[in-house]
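*Asks:* This is the structure I have questions about; it appears just below.
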Amino acid sequence: MVAPIRTTCAYCGVGCGISATPTGPRSVVIKGDEAHPANGGRLCSKGTHLGETVGLEGRLLHPMVGNKRASWDKALDLVAKTFRETIDRHGPDSVAFYVSGQLLTEDYYVANKLMKGFIGSANIDTNSRLCMSSAVAGHMRAFGEDIVPASYDDLDEADLIVLVGSNTAWCHPIVYQRIQAARAARGTKLVVIDPRRTETCEDADLHLPVKPGTDVALMNGLLAWCDLEGVTDPAFIADHVNAPAGFWEHIRTGHDLWTTAKTCDIAPALLEQFFALFAATPRTVTLFSQGINQSIRGTDQVNAIINVHLATGRFGKPGAAPFSITGQPNAMGGREVGGLASTLAAHMDFAPDNVARVGRFWAAPNMATKPGLKAVDLFRAIDEGRIKALWVMATNPAVSLPDAGRVREALAAIPFLVVSDIVAETDTGLHADIRLPAAGWGEKDGTVTNSDRTISRQRPFLALPGEAKPDWWIVTEVARRMGWRNAFAYDRPADIWREHARLTAYQNDGQRVLNLRSHATIGNQAYDALEPFRWGGDAPFSDGFPTPDRRARLVLTKQMDVQGPLRDWPLTLNTGRYRDQWHTMTRTGLAPKLARHREEPLVEIHPQDAMAMGLADGDLARVRTAQGDSIFRVALSEGQRAGEIFTPIHWTDQISNGGRTGLLPRPLVDPHSGQPGFKRTPASVERVATQWKGFLILRGADPIKPPCLWATRVTVPGGALYEVAGNGDPARLEACLPKGERIEAIDQTRGTRRVAIIRDGKLAGVLFVTCTGLLPSRDWLIDQLSVEGVGATVLAARGPGSQPDKGATICVCFDIGLNQIVAAIRDQRLIDVPAVGQALGAGTNCGSCRPAIAKILAQTSQETLHAAE
C-alpha cells in the first residue's frame, strides 16, 4: 500500500495541509492533514475535490514553438537567444516577467534573481499585485516591513471578529469554520462590513452594508469614536507608535457618528452598535481581503484599519490584531523573495545599501537599482511598444487583468511572448510564440507560505507527465543559456531554499523580521522532512518594529469623494469569486462536482434595479462599461445594494462566449501599491432578447464552441454540459452533436426540439431547445452518459421511477440539492443546521454551505408558518 504524502493545498492563502495517497498513475485520494496547523484536517470543497483535477485533460505536455512541437533544447535556446538579443538591442528594461502566486517560493526566487540581478531590470511583477499588494504597501507604511502581525490562533482567542471586504464563508471556508468554532466555544461576536449581503453575513451579529469606497471614512469614524470614548491606549502609543503631525486633529474633525453614517450610507443606529461593540471589546481581530485591497484607495483603507488597532492597543496580544488574508497559495512566498516589481528581495527595497548588499550576495553583474513596472503599467508599456519580450509564468493576464481587451491586444502585438503553464490553451497562451510545459500541483516540489506566515512543504506525489518540467528548472536553464551558469547551478529545490534562507539572514542584524537563518544550512533530508513553521513567531514585533526608531507609524488617511451615478453608467460594478471555483477554472473546471453550484456567470442585481430595467430572473443581460461589455445571466438578489451589481471573475473564452468580467473594470490603480480597483466600476445593464434557450450534453471531454449568442460549458461526470441561448434557427446546434443513432421529438408549433444521439448503446449527446416552455432538469440526462442500454425514453428527461429533481446544488461535498434539503426540513421537522447535517450530511465537511442551509431553514420555517395561518 502506498503511504500518504503530506503536502499543501493548491488554492487559497489559508495554506491547508493535505494528505495525498496515490491510487494510480493519475489518481489520488485526498484528505486533510490533521497535523497541519492551518486546517487541522479540515478542507473546503475545492480542496476536497482536488483528486478530480489531476488528470491530463487539456495539459500542455511538450514544448511548443508556434504550433509545432519542439525539443526542450530548441525551445530554451530560442528563449535565451531572443531575450539576450532584445536586451542587447533595447536595454534590460525592454524585457519583463509576469509571474504568479501559483509558483512555489523556489520558482519565484530564481525568476526574481535572474531578472533583478542578472538581466538588470526590476520588470518582474506577479498576479499577486491584483489581490494583496495594497496590504503589502500598508504594512510597509505602518510597520516598516511587509509583516502580517497575526496568526490563525488569534481567531481562537478573539472576543470580536470583524470581517471587512471578505466573503470568508466562500473564499476562505476553513478560516470561516475556525471563526464559527470560536463563536460556539466562547461566544465570539462577528461583524461583517461589506456592500453585499453575502453568505458570510447570514450568521453575523451585525452586517454593515457600506457604500463601496467608504472604508476609510468608516475606520476614521471608528477611531474618532474610540478617541472620544477614551478607548485609545495612550501608554501603548507612547511606547510603540508615532503619529504624523496633524493626525489627531484630522481624526477629531469631520468624523463624528452622523457624518460617517452619511458618507457610508448606513443607518446611524447600526453604525453606533458597531462602534460601541468594538470599543467594548479589547480582544478584536479585523480580517480584511479583496474588498479592501482591490481599490484605487486600497493602501489608505489598509492603513485606516491598522491605525485603529495601533491607536487602541489592539495589537500584539492574543486575539487582537489587523489580519490580511491573501487569495493565492503562495502570494506570501512571492512577497518574501521579491516577486513584486516594487521590492528587491528578502523584504529589502531598492535603497542603495540594499542593492549593494543583494548584489554582493548574488555576485550579480547587473543589479536593478530602481523598482520596475507594476502589472497594469507593465502591460500598458507592452501596448506602447516599450516592452519587446515578455515571459508569463503560471497565470492568465488576458483574463484576469482589468481592461482585458486592451491587454489581449498588447499580447497579440508584442514581438516575443513566452508562456510557461500546465494548460495547453489559455486566453493568454493563444498569443504565445513559445509555450513551455510546466509541472502542476501534485508534481511540484518546494515550499509555500500562507497568510499567517506559516511555511509548508508542497511535495510531489505524481510523476511529471510528458515532458513537463518544474518552473525553477525552466528558469534556471534559460539563465544558464544566457551565460550565467555558475550563478544558477541548482540541482534541486533544496539548493534554492538554502540560498533564499541565507539571503534573508545576510547582514541582517535585526533590521528585518524575515530571517530564516536557522534553515539556511539544512540538509536535503531535513528539507524533505520540513515541518510547517511560522517565521517571526507568534509575536513578530516583540523586539520593536523594523523602522529606524523601532516604532510603528500611524498614517494619515483621508476619505476621497465617491462618485455618484453617471448618466451613461448609472450602476456600480463589483467583482469577485464564486464558492467552488478558482481563478480562471483551469483546475476547478475539471471537477464535475465543483461546477454544479454556479454553472453560469451571473450578474447579480437588486430587484428594484431589475424592475426599472425590465429584467427578470434568468434573463440574459449585457453589462457595459467604458472598457468593454459582456453578457451574463441575470440573478435577482436582495443582497445587492440598489444601484450596484456583481459579476464573477472566472469565465474565459475557453469555456464561454459571455461572462468575461475582466473586460469590464477600469485600469485605474492605487497610487501607492499599483493594485487595480476592481470593486467600483461605473456600469450599465441592458436586457438581451433571445428567441430560444436550451442545453447540450455531450459525452467526452473535447470542448466545442456552439454557434449561438450564449454558450457556457461546465464539466459533468462523463462529459460536458453547455447552456445555450440565441436567435435564428436553433437547428444549427445539431452540428455539435456526435454521429450515431438519432432519436428526436420536434414540435415546430411550440418551438421545442429534443434530439438524442445513441452510440454503442450509450447516450453520446442530447440537445434540448425551447422557444416558450420550460426546460427539464439536466441531472438525470447527465447520469445517462454512463448508463448502458439507453433508449427513446431519454427524450422524456426522466426515467420510470426515477428520483425527484434534487434541485440546485447547495452542498457540493455530498451533492445535496435545494429540494432535498427543503423536503428533509419539512418531513423530519429539522430546526437547525446541525440537524440538517445529521439527516443528509450537508454542511458537515467544508462548511461553506452552512450559511445557505441556515437561510433555507429560515425561509422554509416562514413558509410553513404562513401555510398554517
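Convention: chains lettered A, B, ... in C-alpha cells order; per-chain residue numbering from 1; ligands numbered from 1 as shown.
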Compile the contact shell of Gln563 of chain A as a PDB file with N, CA, C and O atoms, in the first residue's frame: residues with an atom at most 10 Å away, counting only C-alpha atoms, same-chain residues fewer than 4 positions apart removed.
*Replies:*
ATOM      1  N   GLY A 213     -16.250  51.961  -1.396  1.00  0.00           N
ATOM      2  CA  GLY A 213     -15.242  53.012  -1.418  1.00  0.00           C
ATOM      3  C   GLY A 213     -15.231  53.927  -0.226  1.00  0.00           C
ATOM      4  O   GLY A 213     -14.513  54.926  -0.221  1.00  0.00           O
ATOM      5  N   THR A 572     -22.937  50.617 -10.268  1.00  0.00           N
ATOM      6  CA  THR A 572     -21.567  50.382  -9.824  1.00  0.00           C
ATOM      7  C   THR A 572     -21.291  48.888  -9.849  1.00  0.00           C
ATOM      8  O   THR A 572     -21.997  48.099  -9.201  1.00  0.00           O
ATOM      9  N   ARG A 680     -15.247  48.903  -8.015  1.00  0.00           N
ATOM     10  CA  ARG A 680     -16.150  50.055  -8.149  1.00  0.00           C
ATOM     11  C   ARG A 680     -15.999  50.677  -9.531  1.00  0.00           C
ATOM     12  O   ARG A 680     -15.409  51.728  -9.701  1.00  0.00           O
ATOM     13  N   PRO A 682     -18.017  52.176 -12.898  1.00  0.00           N
ATOM     14  CA  PRO A 682     -19.295  52.637 -13.439  1.00  0.00           C
ATOM     15  C   PRO A 682     -19.757  51.717 -14.574  1.00  0.00           C
ATOM     16  O   PRO A 682     -18.970  51.364 -15.466  1.00  0.00           O
TER      17      PRO A 682
END
*Asks:* Give me, as number ranges by chain, the residues of segment 333-565 of chain A that a backbone DSSP run labels alpha helix (DSSP H).
*Replies:* A: 333-337, 352-362, 375-383, 397-400, 404-413, 471-481, 493-505, 524-528
*Asks:* Kindly indicate which residue among A:Pro717, A:Gly144, A:Gly843, A:Gly58 lies nearest to Gln784 of chain A, using only C-alpha atoms for the distances.
*Replies:*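 That would be A:Pro717, the residue with the smallest distance to Gln784 of chain A.
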*Asks:* Can you pull out every residue within 10 Å of Thr86 of chain A, counting only C-alpha atoms, but drop anything in the same chain fewer than 2 positions away, and send it as an MDAnalysis selection string?
*Replies:* chainID A and resid 80:84 88:95 387:389 415:416
*Asks:* For Arg579 of chain A, please output as number ranges by chain all residues within 9 Å (counting only C-alpha atoms; exclusion window: fewer than 2 positions along the same chain).
*Replies:* A: 45-46, 169-171, 173, 577, 581-582, 594, 597-598, 848-849
*Asks:* Do you have the atom CA of Val769 of chain A-atom CA of Val716 of chain A distance handy?
*Replies:*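 About the pair atom CA of Val769 of chain A and atom CA of Val716 of chain A: they are 19.4 Å apart.
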*Asks:* For Asp265 of chain A, which of A:Met611, A:Arg633, A:Ala243, A:Ala642 is the closest residue, counting only C-alpha atoms?
*Replies:*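 Of all the options, A:Ala642 lies closest to Asp265 of chain A.
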*Asks:* Out of A:Gly510, A:Glu443, A:Leu103, A:Ala725, which residue has the shortest atom-to-atom distance to Pro25 of chain A when counting only C-alpha atoms?
*Replies:* A:Glu443
*Asks:* Which residues of segment 263-309 of chain A come within 12 Å of segment 184-198 of chain A, and for each one, what is the closest pair of atoms and their distance in Å to one decimal, counting only C-alpha atoms, sorted by chain and residue number, as CSV?
*Replies:*
residue,atom,partner,partner_atom,distance
A:Cys264,CA,A:Pro195,CA,9.8
A:Asp265,CA,A:Pro195,CA,10.1
A:Ile266,CA,A:Pro195,CA,10.1
A:Leu270,CA,A:Val191,CA,11.2
A:Leu271,CA,A:Ile193,CA,10.6
A:Gln273,CA,A:Val191,CA,10.3
A:Phe274,CA,A:Val191,CA,7.7
A:Phe275,CA,A:Val191,CA,10.8
A:Leu277,CA,A:Lys189,CA,8.9
A:Phe278,CA,A:Val191,CA,9.5
A:Ala280,CA,A:Lys189,CA,11.6
A:Thr281,CA,A:Lys189,CA,9.5
A:Arg283,CA,A:Thr188,CA,9.7
A:Thr284,CA,A:Lys189,CA,9.4
A:Val285,CA,A:Leu190,CA,10.0
A:Thr286,CA,A:Val191,CA,9.4
A:Leu287,CA,A:Val192,CA,9.7
A:Phe288,CA,A:Ile193,CA,9.5
A:Ser289,CA,A:Asp194,CA,10.9
A:Gln290,CA,A:Asp194,CA,10.9
A:Gly291,CA,A:Asp194,CA,7.7
A:Ile292,CA,A:Asp194,CA,9.7
